[in-house]
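Asks: As input, take model-v7.cif (mmCIF, C-alpha atoms and all ligand atoms):
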```cif
data_upload
#
loop_
_atom_site.label_atom_id
_atom_site.label_comp_id
_atom_site.auth_asym_id
_atom_site.auth_seq_id
_atom_site.Cartn_x
_atom_site.Cartn_y
_atom_site.Cartn_z
CA MET Y 73 -30.12 7.09 14.42
CA VAL Y 74 -31.22 3.50 13.76
CA SER Y 75 -32.39 1.33 16.66
CA VAL Y 76 -30.23 -1.22 18.48
CA GLU Y 77 -32.92 -3.82 17.77
CA PHE Y 78 -32.52 -3.16 14.02
CA LEU Y 79 -28.73 -3.53 14.24
CA LYS Y 80 -29.13 -6.76 16.19
CA GLU Y 81 -31.49 -8.23 13.59
CA LEU Y 82 -29.31 -7.13 10.64
CA PRO Y 83 -27.58 -10.25 9.23
CA LYS Y 84 -23.95 -9.61 10.14
CA CYS Y 85 -20.72 -11.08 8.74
CA GLU Y 86 -17.42 -10.99 10.63
CA HIS Y 87 -14.26 -10.80 8.49
CA HIS Y 88 -11.70 -9.67 11.02
CA LEU Y 89 -11.63 -11.65 14.21
CA HIS Y 90 -8.63 -13.33 15.81
CA LEU Y 91 -9.87 -16.42 17.63
CA GLU Y 92 -7.05 -15.97 20.17
CA GLY Y 93 -8.42 -12.45 20.68
CA THR Y 94 -11.67 -13.88 22.06
CA LEU Y 95 -9.87 -15.23 25.13
CA GLU Y 96 -11.80 -13.56 27.94
CA PRO Y 97 -10.12 -13.24 31.36
CA ASP Y 98 -12.79 -15.51 32.82
CA LEU Y 99 -11.67 -18.31 30.49
CA LEU Y 100 -7.95 -17.49 30.55
CA PHE Y 101 -7.45 -18.16 34.26
CA PRO Y 102 -9.41 -21.46 34.36
CA LEU Y 103 -7.43 -22.67 31.30
CA ALA Y 104 -4.16 -21.72 33.01
CA GLU Y 105 -5.21 -23.81 36.00
CA ARG Y 106 -6.46 -26.72 33.90
CA ASN Y 107 -3.12 -26.84 32.03
CA HIS Y 108 -0.88 -26.05 35.03
CA ILE Y 109 0.49 -22.92 33.36
CA THR Y 110 2.16 -20.32 35.56
CA LEU Y 111 1.68 -16.84 34.14
CA PRO Y 112 4.64 -14.43 34.40
CA GLN Y 113 4.81 -12.37 37.61
CA THR Y 114 4.45 -9.20 35.57
CA PHE Y 115 1.11 -10.42 34.14
CA PRO Y 116 -2.08 -9.51 36.05
CA GLN Y 117 -2.99 -12.41 38.35
CA THR Y 118 -6.77 -12.04 38.66
CA VAL Y 119 -9.74 -11.48 36.37
CA THR Y 120 -10.27 -8.03 37.92
CA GLU Y 121 -6.64 -6.97 37.46
CA LEU Y 122 -6.61 -8.22 33.88
CA ASN Y 123 -9.86 -6.44 33.03
CA GLU Y 124 -8.32 -3.29 34.47
CA LYS Y 125 -5.28 -3.64 32.17
CA TYR Y 126 -7.52 -4.21 29.16
CA LYS Y 127 -9.10 -0.79 29.69
CA SER Y 128 -6.24 0.86 27.83
CA PHE Y 129 -3.29 0.01 25.63
CA ARG Y 130 -0.57 2.40 24.55
CA ASP Y 131 -0.46 1.03 21.02
CA LEU Y 132 -0.54 -2.17 18.96
CA GLN Y 133 2.69 -3.52 20.47
CA ASP Y 134 1.53 -2.94 24.06
CA PHE Y 135 -1.59 -5.00 23.28
CA LEU Y 136 0.35 -7.73 21.47
CA ASP Y 137 2.63 -8.23 24.49
CA TYR Y 138 -0.41 -9.22 26.59
CA TYR Y 139 -2.10 -11.10 23.76
CA TYR Y 140 0.85 -13.44 23.21
CA ILE Y 141 1.18 -14.20 26.94
CA GLY Y 142 -2.55 -14.99 27.02
CA THR Y 143 -2.16 -17.58 24.24
CA ASN Y 144 0.20 -19.60 26.48
CA VAL Y 145 -2.75 -21.12 28.34
CA LEU Y 146 -4.00 -22.85 25.16
CA ILE Y 147 -2.47 -26.31 24.95
CA LYS Y 148 -4.89 -29.10 24.05
CA GLU Y 149 -7.28 -29.49 21.12
CA GLU Y 150 -10.12 -29.16 23.62
CA ASP Y 151 -8.83 -25.71 24.68
CA PHE Y 152 -8.95 -24.42 21.11
CA PHE Y 153 -12.39 -25.93 20.64
CA ASP Y 154 -13.69 -24.41 23.91
CA LEU Y 155 -12.33 -20.98 22.99
CA ALA Y 156 -13.92 -20.87 19.54
CA TRP Y 157 -17.18 -22.47 20.67
CA ALA Y 158 -17.58 -19.86 23.43
CA TYR Y 159 -17.10 -17.18 20.75
CA PHE Y 160 -19.70 -18.63 18.38
CA GLN Y 161 -22.28 -18.96 21.16
CA LYS Y 162 -21.77 -15.32 22.14
CA VAL Y 163 -22.08 -13.84 18.66
CA HIS Y 164 -25.02 -16.04 17.73
CA LYS Y 165 -27.00 -13.91 20.19
CA GLN Y 166 -25.77 -10.77 18.39
CA GLY Y 167 -27.12 -11.72 14.96
CA LEU Y 168 -23.89 -13.04 13.41
CA VAL Y 169 -24.58 -15.33 10.45
CA HIS Y 170 -21.16 -15.80 8.83
CA ALA Y 171 -17.62 -15.60 10.25
CA GLU Y 172 -14.24 -15.65 8.55
CA VAL Y 173 -11.88 -16.03 11.46
CA PHE Y 174 -8.12 -15.71 11.91
CA TYR Y 175 -5.80 -17.83 13.97
CA ASP Y 176 -2.05 -17.67 14.55
CA PRO Y 177 -0.54 -21.19 14.48
CA GLN Y 178 2.93 -19.82 15.18
CA SER Y 179 2.01 -18.48 18.62
CA HIS Y 180 1.24 -22.11 19.52
CA THR Y 181 3.78 -24.14 17.51
CA SER Y 182 6.54 -22.01 19.09
CA ARG Y 183 5.44 -23.57 22.43
CA GLY Y 184 5.38 -27.15 21.12
CA VAL Y 185 1.65 -27.30 20.33
CA THR Y 186 1.21 -28.84 16.88
CA ILE Y 187 -0.54 -27.10 14.00
CA GLU Y 188 -2.88 -30.15 13.87
CA THR Y 189 -3.98 -29.64 17.49
CA VAL Y 190 -4.77 -25.97 16.91
CA THR Y 191 -6.42 -26.36 13.51
CA LEU Y 192 -8.53 -29.39 14.37
CA GLY Y 193 -9.77 -27.83 17.63
CA PHE Y 194 -10.87 -24.68 15.84
CA GLN Y 195 -12.30 -26.64 12.91
CA ARG Y 196 -14.46 -28.76 15.24
CA ALA Y 197 -15.93 -25.59 16.78
CA CYS Y 198 -16.65 -24.21 13.29
CA ALA Y 199 -18.49 -27.43 12.35
CA LYS Y 200 -20.56 -27.28 15.54
CA ALA Y 201 -21.38 -23.60 14.91
CA GLN Y 202 -22.71 -24.58 11.48
CA SER Y 203 -24.76 -27.56 12.65
CA GLU Y 204 -26.13 -26.15 15.92
CA LEU Y 205 -26.27 -22.38 15.33
CA GLY Y 206 -26.48 -22.11 11.54
CA ILE Y 207 -23.34 -19.89 11.47
CA SER Y 208 -21.16 -20.58 8.42
CA SER Y 209 -17.45 -19.95 8.78
CA LYS Y 210 -14.01 -20.04 7.19
CA LEU Y 211 -10.60 -20.42 8.84
CA ILE Y 212 -7.84 -17.99 7.87
CA MET Y 213 -4.32 -18.87 8.94
CA CYS Y 214 -2.24 -15.78 9.75
CA LEU Y 215 1.53 -15.50 9.65
CA LEU Y 216 3.14 -13.45 12.40
CA ARG Y 217 5.12 -10.78 10.59
CA HIS Y 218 7.59 -10.32 13.48
CA ILE Y 219 8.84 -13.84 12.80
CA GLU Y 220 11.58 -14.39 10.19
CA PRO Y 221 10.13 -14.91 6.69
CA GLU Y 222 12.01 -18.24 6.33
CA GLU Y 223 10.27 -19.52 9.44
CA CYS Y 224 6.92 -18.25 8.13
CA LEU Y 225 7.56 -20.15 4.91
CA GLN Y 226 8.09 -23.31 6.97
CA THR Y 227 4.73 -22.69 8.68
CA VAL Y 228 3.09 -22.46 5.24
CA LYS Y 229 4.72 -25.79 4.31
CA ASP Y 230 3.56 -27.35 7.59
CA ALA Y 231 0.01 -26.24 6.78
CA LYS Y 232 0.10 -27.70 3.24
CA LYS Y 233 -2.39 -30.51 3.82
CA PHE Y 234 -4.92 -28.14 5.44
CA ILE Y 235 -4.56 -25.68 2.57
CA GLU Y 236 -4.90 -28.44 -0.03
CA ASP Y 237 -8.02 -29.93 1.52
CA GLY Y 238 -9.66 -26.53 2.16
CA THR Y 239 -9.67 -26.73 5.97
CA ILE Y 240 -7.74 -23.46 5.76
CA SER Y 241 -9.66 -21.19 3.35
CA GLY Y 242 -7.45 -18.13 3.55
CA LEU Y 243 -3.99 -16.80 4.35
CA GLY Y 244 -3.45 -13.59 6.32
CA LEU Y 245 -0.63 -11.58 7.86
CA ASP Y 246 -0.77 -9.97 11.30
CA SER Y 247 1.23 -8.78 14.35
CA ALA Y 248 3.46 -5.66 14.51
CA GLU Y 249 2.98 -3.89 11.19
CA ARG Y 250 5.38 -1.02 10.77
CA PRO Y 251 8.77 -2.71 10.94
CA PHE Y 252 7.67 -5.65 8.77
CA PRO Y 253 6.42 -4.58 5.30
CA PRO Y 254 4.53 -6.89 2.92
CA ASN Y 255 7.49 -7.47 0.57
CA LEU Y 256 9.11 -9.76 3.17
CA PHE Y 257 6.34 -12.32 2.68
CA ILE Y 258 6.07 -12.65 -1.12
CA GLU Y 259 7.41 -16.21 -1.18
CA CYS Y 260 5.10 -17.29 1.67
CA TYR Y 261 2.04 -16.06 -0.23
CA GLU Y 262 3.15 -17.55 -3.56
CA THR Y 263 3.88 -20.91 -1.98
CA ALA Y 264 0.57 -21.06 -0.12
CA LYS Y 265 -1.35 -20.17 -3.28
CA SER Y 266 0.51 -22.86 -5.23
CA TYR Y 267 -0.98 -25.48 -2.86
CA ASN Y 268 -4.55 -24.50 -3.72
CA LYS Y 269 -5.64 -22.01 -6.38
CA ASP Y 270 -8.85 -21.37 -4.38
CA LEU Y 271 -6.92 -20.16 -1.32
CA GLN Y 272 -8.07 -16.61 -0.51
CA LEU Y 273 -5.47 -13.98 0.39
CA THR Y 274 -5.65 -11.04 2.76
CA ALA Y 275 -3.23 -9.07 4.97
CA HIS Y 276 -3.29 -6.54 7.78
CA ALA Y 277 -2.18 -3.24 6.28
CA GLY Y 278 -2.78 0.43 6.97
CA GLU Y 279 -3.60 -0.05 10.65
CA GLU Y 280 -0.50 1.65 12.06
CA GLY Y 281 1.32 1.38 8.73
CA SER Y 282 1.01 3.76 5.79
CA ALA Y 283 -1.17 3.66 2.67
CA GLN Y 284 1.91 2.36 0.85
CA PHE Y 285 1.66 -0.89 2.85
CA VAL Y 286 -1.89 -1.29 1.53
CA ALA Y 287 -0.75 -0.78 -2.07
CA ASP Y 288 2.19 -3.16 -1.52
CA ALA Y 289 -0.06 -5.86 -0.08
CA LEU Y 290 -2.20 -5.61 -3.24
CA ASP Y 291 0.71 -5.48 -5.69
CA LEU Y 292 3.18 -7.87 -4.06
CA LEU Y 293 1.04 -10.36 -2.16
CA ASN Y 294 -1.95 -10.33 -4.54
CA VAL Y 295 -4.43 -10.04 -1.70
CA THR Y 296 -8.09 -9.42 -2.59
CA ARG Y 297 -8.99 -7.91 0.78
CA ILE Y 298 -7.27 -5.62 3.27
CA ASP Y 299 -7.54 -5.94 7.04
CA HIS Y 300 -7.96 -2.50 8.65
CA GLY Y 301 -6.79 -0.39 5.70
CA ILE Y 302 -7.97 2.86 7.27
CA ASN Y 303 -4.77 4.73 6.39
CA SER Y 304 -5.68 4.25 2.70
CA ILE Y 305 -7.61 7.49 3.12
CA HIS Y 306 -4.33 9.43 2.88
CA ASP Y 307 -3.81 8.36 -0.75
CA ALA Y 308 -6.48 9.52 -3.22
CA GLU Y 309 -5.22 7.28 -6.02
CA LEU Y 310 -5.38 4.24 -3.75
CA ILE Y 311 -8.94 5.11 -2.76
CA GLN Y 312 -9.90 5.17 -6.46
CA ARG Y 313 -8.25 1.79 -6.92
CA LEU Y 314 -9.98 0.19 -3.90
CA ALA Y 315 -13.28 1.39 -5.34
CA SER Y 316 -12.67 0.31 -8.92
CA GLU Y 317 -11.32 -3.14 -7.91
CA GLN Y 318 -13.91 -3.44 -5.10
CA ILE Y 319 -11.28 -4.39 -2.52
CA MET Y 320 -13.03 -4.71 0.82
CA LEU Y 321 -11.49 -3.17 3.94
CA THR Y 322 -12.22 -5.06 7.16
CA VAL Y 323 -12.47 -2.11 9.55
CA CYS Y 324 -12.36 -2.64 13.34
CA PRO Y 325 -13.76 0.48 15.05
CA LEU Y 326 -13.41 -0.37 18.76
CA SER Y 327 -9.95 -1.85 18.16
CA ASN Y 328 -8.74 1.33 16.46
CA VAL Y 329 -9.79 3.40 19.48
CA LYS Y 330 -8.37 0.98 22.08
CA LEU Y 331 -5.01 0.83 20.27
CA GLN Y 332 -4.99 4.60 19.90
CA VAL Y 333 -4.94 4.55 16.12
CA VAL Y 334 -7.76 7.11 16.34
CA LYS Y 335 -9.11 9.06 19.31
CA SER Y 336 -12.72 8.18 18.60
CA VAL Y 337 -14.81 6.17 16.15
CA LYS Y 338 -16.04 9.51 14.75
CA GLU Y 339 -12.55 10.03 13.28
CA LEU Y 340 -12.70 6.90 11.10
CA PRO Y 341 -13.06 7.75 7.38
CA LEU Y 342 -16.20 5.63 7.03
CA GLN Y 343 -18.31 8.36 5.41
CA GLU Y 344 -15.48 9.01 2.91
CA PHE Y 345 -15.35 5.28 2.10
CA LEU Y 346 -19.11 5.27 1.48
CA ASP Y 347 -18.93 8.45 -0.64
CA ASN Y 348 -16.11 6.97 -2.73
CA ASN Y 349 -17.72 3.54 -3.09
CA VAL Y 350 -14.93 1.76 -1.18
CA PRO Y 351 -16.47 -1.39 0.31
CA PHE Y 352 -15.88 -2.06 3.99
CA SER Y 353 -17.18 -4.30 6.74
CA LEU Y 354 -17.34 -3.63 10.48
CA ASN Y 355 -15.53 -6.10 12.71
CA SER Y 356 -14.33 -6.79 16.21
CA ASP Y 357 -10.61 -7.81 15.84
CA ASP Y 358 -9.86 -8.98 19.43
CA PRO Y 359 -13.15 -8.51 21.29
CA ALA Y 360 -11.99 -9.88 24.66
CA TYR Y 361 -9.36 -7.14 24.75
CA PHE Y 362 -11.16 -4.26 23.09
CA GLY Y 363 -14.46 -4.20 24.94
CA GLY Y 364 -16.93 -5.44 22.38
CA TYR Y 365 -18.04 -8.07 19.91
CA ILE Y 366 -19.57 -7.47 16.48
CA LEU Y 367 -22.87 -5.91 17.60
CA ASP Y 368 -21.03 -3.60 20.01
CA ASN Y 369 -18.99 -2.34 17.06
CA TYR Y 370 -22.13 -1.76 14.98
CA ILE Y 371 -23.79 0.09 17.88
CA GLN Y 372 -20.78 2.34 18.47
CA VAL Y 373 -20.60 3.25 14.79
CA SER Y 374 -24.33 4.01 14.73
CA LYS Y 375 -23.85 6.40 17.68
CA ASP Y 376 -20.92 8.15 16.03
CA PHE Y 377 -22.55 8.29 12.58
CA PRO Y 378 -26.09 9.20 13.67
CA ASP Y 379 -27.10 10.42 10.18
CA TRP Y 380 -26.83 6.94 8.70
CA ASN Y 381 -30.35 5.68 8.02
CA TYR Y 382 -31.76 2.19 7.48
CA GLY Y 383 -30.75 2.37 3.81
CA THR Y 384 -27.12 3.14 4.67
CA TRP Y 385 -26.98 0.23 7.11
CA GLY Y 386 -28.61 -2.03 4.54
CA ARG Y 387 -25.86 -1.07 2.09
CA ILE Y 388 -23.16 -1.83 4.69
CA ALA Y 389 -24.69 -5.24 5.46
CA LYS Y 390 -24.95 -6.03 1.72
CA ASN Y 391 -21.32 -5.01 1.11
CA ALA Y 392 -20.24 -7.34 3.93
CA ILE Y 393 -22.14 -10.25 2.39
CA ASN Y 394 -20.77 -9.51 -1.10
CA GLY Y 395 -17.21 -9.28 0.21
CA SER Y 396 -17.45 -12.62 2.00
CA TRP Y 397 -15.64 -15.66 0.69
CA CYS Y 398 -18.64 -18.00 0.80
CA ASP Y 399 -20.20 -19.30 -2.41
CA SER Y 400 -23.04 -17.52 -4.18
CA LYS Y 401 -25.65 -19.94 -2.81
CA ARG Y 402 -24.69 -19.06 0.78
CA LYS Y 403 -24.51 -15.36 -0.09
CA HIS Y 404 -28.06 -15.58 -1.38
CA GLU Y 405 -29.22 -17.22 1.89
CA LEU Y 406 -27.52 -14.49 3.95
N1 LIG H 501 -3.11 -9.68 16.07
C1 LIG H 501 -4.24 -9.64 16.77
N2 LIG H 501 -4.84 -8.45 16.61
C2 LIG H 501 -4.07 -7.73 15.76
C3 LIG H 501 -4.15 -6.44 15.20
N3 LIG H 501 -5.15 -5.60 15.47
N4 LIG H 501 -3.17 -6.03 14.39
C4 LIG H 501 -2.15 -6.83 14.13
N5 LIG H 501 -2.02 -8.05 14.62
C5 LIG H 501 -2.98 -8.51 15.44
ZN ZN H 502 -6.45 -7.92 13.42
#
```
Go ahead and express the file in the form of structure tokens.
Ligand code: ADE
Ligand code: ZN

Replies:
Amino acid sequence: MVSVEFLKELPKCEHHLHLEGTLEPDLLFPLAERNHITLPQTFPQTVTELNEKYKSFRDLQDFLDYYYIGTNVLIKEEDFFDLAWAYFQKVHKQGLVHAEVFYDPQSHTSRGVTIETVTLGFQRACAKAQSELGISSKLIMCLLRHIEPEECLQTVKDAKKFIEDGTISGLGLDSAERPFPPNLFIECYETAKSYNKDLQLTAHAGEEGSAQFVADALDLLNVTRIDHGINSIHDAELIQRLASEQIMLTVCPLSNVKLQVVKSVKELPLQEFLDNNVPFSLNSDDPAYFGGYILDNYIQVSKDFPDWNYGTWGRIAKNAINGSWCDSKRKHEL
């Protein structure tokens, strides 16, 4: 097994992190107080109680119910900045060099917080991470798939200026997967892409959903990356395609265990992906909820795949750099 020190020093890229999912209980409660937000009676009322709840979730929906309540404490641009800046400071110590991060404007605009407030707060933290910590980053706006497609299309239109000027580098799709297949969002993806041909496209697929959702995201939404994607393993033809088109899967090991997608990290088809030349990166998804940031995910995988040597880890780090959306000059630096 490789050493923790080696994993820490390895230049790491994050491709699957929800900024709202970095809201630690010890920031959530102070923000609630600062913004005079009363949390629902059914929601844990102390840091200890909330940490206790975060120890286990029944499934994706059980987690999302808490996650969306948590977002209610984020109101002002400063709140979004503070949240993202706290994240960057944490992962800087874990050897993170590049981050492509998700955010969900709709979980804020539905409460009257403007898309400008959210986007500019996060963007300011990204700029500070670059100038003070040397971490490069990209913002990926996600659409919440449980929201009506027409409303999602309006969100895309509301984000037009940020897509045109490159503040938003990518479009993603998240929230409850199974009842909301990719085909519902074709127009959203086409419209967003029409605003900027350089907009990158990705989507959550194959987390709780089937391999067919992965194929549909590729065929119908024209994504070039898949978030999670672990259920692709059930379709041999799809595995061949992911390898030949070099579609990267952004795998989230600790998340998959916490949301009971798998019983243990050992069950993830990571060795099969390596054997079949399917590129993947290791990511943290919603670290405040799932018990670990990027290095914690790397360490857990190294424990559960003890045969992987320094060469294997070098290959994983290289695949993560290659699959990033930064330009070739930055890739070379990484
Ligand atoms: N939103 C935040 N985390 C998510 C996940 N793991 N799957 C779908 N939507 C999410
Ligand atoms: Zn996710």

Asks: Residues within 6 Å of ligand LIG 501 (chain H) (all atoms listed in the file), as a ChimeraX atom specification?

Replies: /Y:90,246-248,357-358

Asks: Range 322-336 of chain Y: which residues within 10 Å, counting all atoms listed in the file, same-chain residues fewer than 3 positions away excluded, as a PyMOL selection string?

Replies: chain Y and resi 86-89+126-135+274+276+279-280+297-303+319+339-340+342+351-359+361-366+368-370+372-373+376+392+395

Asks: At a cut-off of 9 Å, using all atoms listed in the file, what residues contact Glu149 in chain Y? Leave out same-chain residues fewer than 5 positions from it and give the result as a PyMOL selection string.

Replies: chain Y and resi 154+188-194

Asks: Could you please take those selected residues and save C-alpha atoms as a PDB file, keeping the file's coordinate frame?

Replies:
```
ATOM      1  CA  ASP Y 154     -13.690 -24.410  23.910  1.00  0.00           C
ATOM      2  CA  GLU Y 188      -2.880 -30.150  13.870  1.00  0.00           C
ATOM      3  CA  THR Y 189      -3.980 -29.640  17.490  1.00  0.00           C
ATOM      4  CA  VAL Y 190      -4.770 -25.970  16.910  1.00  0.00           C
ATOM      5  CA  THR Y 191      -6.420 -26.360  13.510  1.00  0.00           C
ATOM      6  CA  LEU Y 192      -8.530 -29.390  14.370  1.00  0.00           C
ATOM      7  CA  GLY Y 193      -9.770 -27.830  17.630  1.00  0.00           C
ATOM      8  CA  PHE Y 194     -10.870 -24.680  15.840  1.00  0.00           C
TER       9      PHE Y 194
END
```

Asks: Using all atoms listed in the file for the distances, tell me which of Y:Val76, Y:Leu321, Y:Ala231, Y:Ala197 is nearest to ligand ZN 502 (chain H).

Replies: Y:Leu321

Asks: What does the structure give for the distance between CA of Gln195 in chain Y and CA of Gly93 in chain Y, in Å to one decimal?

Replies: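 We find that CA of Gln195 in chain Y and CA of Gly93 in chain Y lie 16.6 Å from each other.
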
Asks: Using only C-alpha atoms, can you list as a list of chain:residue names the residues within 8 Å of (0.5, -10.5, 14.4)?

Replies: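 Residues with an atom at most 8 Å from (0.5, -10.5, 14.4): Y:Leu136, Y:Asp176, Y:Cys214, Y:Leu215, Y:Leu216, Y:Arg217, Y:His218, Y:Leu245, Y:Asp246, Y:Ser247, Y:Ala248, Y:Glu249.
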
Asks: Between CA of Asn394 in chain Y and CA of Ala289 in chain Y, what is the spacing in Å?

Replies: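 Distance between the two atoms: 21.1 Å.
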
Asks: Neighbours of range 99-102 of chain Y within 9 Å (only C-alpha atoms; same-chain residues fewer than 2 positions away dropped), as a list in words?

Replies: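 The residues that qualify are Leu95, Glu96, Pro97, Ala104, Glu105, Arg106, Asn107, Gln117, Thr118, Val119, Gly142, Thr143, Val145, Leu146 and Leu155 of chain Y.
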
Asks: Take the residues that were just selected and, keeping C-alpha atoms, output them as a short mmCIF file (atom, residue, chain, number, x, y, z; two decimals), in the frame of the given file.

Replies:
```
data_model
loop_
_atom_site.label_atom_id
_atom_site.label_comp_id
_atom_site.auth_asym_id
_atom_site.auth_seq_id
_atom_site.Cartn_x
_atom_site.Cartn_y
_atom_site.Cartn_z
CA LEU Y 95 -9.87 -15.23 25.13
CA GLU Y 96 -11.80 -13.56 27.94
CA PRO Y 97 -10.12 -13.24 31.36
CA ALA Y 104 -4.16 -21.72 33.01
CA GLU Y 105 -5.21 -23.81 36.00
CA ARG Y 106 -6.46 -26.72 33.90
CA ASN Y 107 -3.12 -26.84 32.03
CA GLN Y 117 -2.99 -12.41 38.35
CA THR Y 118 -6.77 -12.04 38.66
CA VAL Y 119 -9.74 -11.48 36.37
CA GLY Y 142 -2.55 -14.99 27.02
CA THR Y 143 -2.16 -17.58 24.24
CA VAL Y 145 -2.75 -21.12 28.34
CA LEU Y 146 -4.00 -22.85 25.16
CA LEU Y 155 -12.33 -20.98 22.99
#
```

Asks: Select, from Y:Glu121, Y:Glu317, Y:Asp137, Y:Asp230, the residue with the minimum atom-to-atom distance to Asp98 in chain Y, counting all atoms listed in the file.

Replies: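 Smallest distance to Asp98 in chain Y is found for Y:Glu121.
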
Asks: List the neighbours of Ile235 in chain Y out to 8 Å using only C-alpha atoms; skip same-chain residues closer than 3 positions along the sequence, and give me the result as an MDAnalysis selection string.

Replies: chainID Y and resid 231:232 238:241 264 267:268 271

Asks: Work out how far CA of Met213 in chain Y is from CA of Cys398 in chain Y, in Å to one decimal.

Replies: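 So the answer is 16.5 Å.
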
Asks: For Gln226 in chain Y, work out the shell of residues within 12 Å, counting all atoms listed in the file and skipping chain neighbours fewer than 4 positions away, then give it as an MDAnalysis selection string.

Replies: chainID Y and resid 177:178 181 187 215 219:222 230:232 257 259:261 263:264

Asks: Let me make sure I understand: among Y:Tyr175, Y:Asn123, Y:Asp288, Y:Ser208, which one has the smallest atom-to-atom distance to ligand ZN 502 (chain H) if we use only C-alpha atoms and all ligand atoms?

Replies: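 Of the candidates, the smallest distance to ligand ZN 502 (chain H) is held by Y:Tyr175.
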
Asks: Rank Y:Ser266, Y:Asn349, Y:Ser75, Y:Thr94 by their smallest atom-to-atom distance to ligand ZN 502 (chain H), using all atoms listed in the file, and report the top residue only.

Replies: Y:Thr94
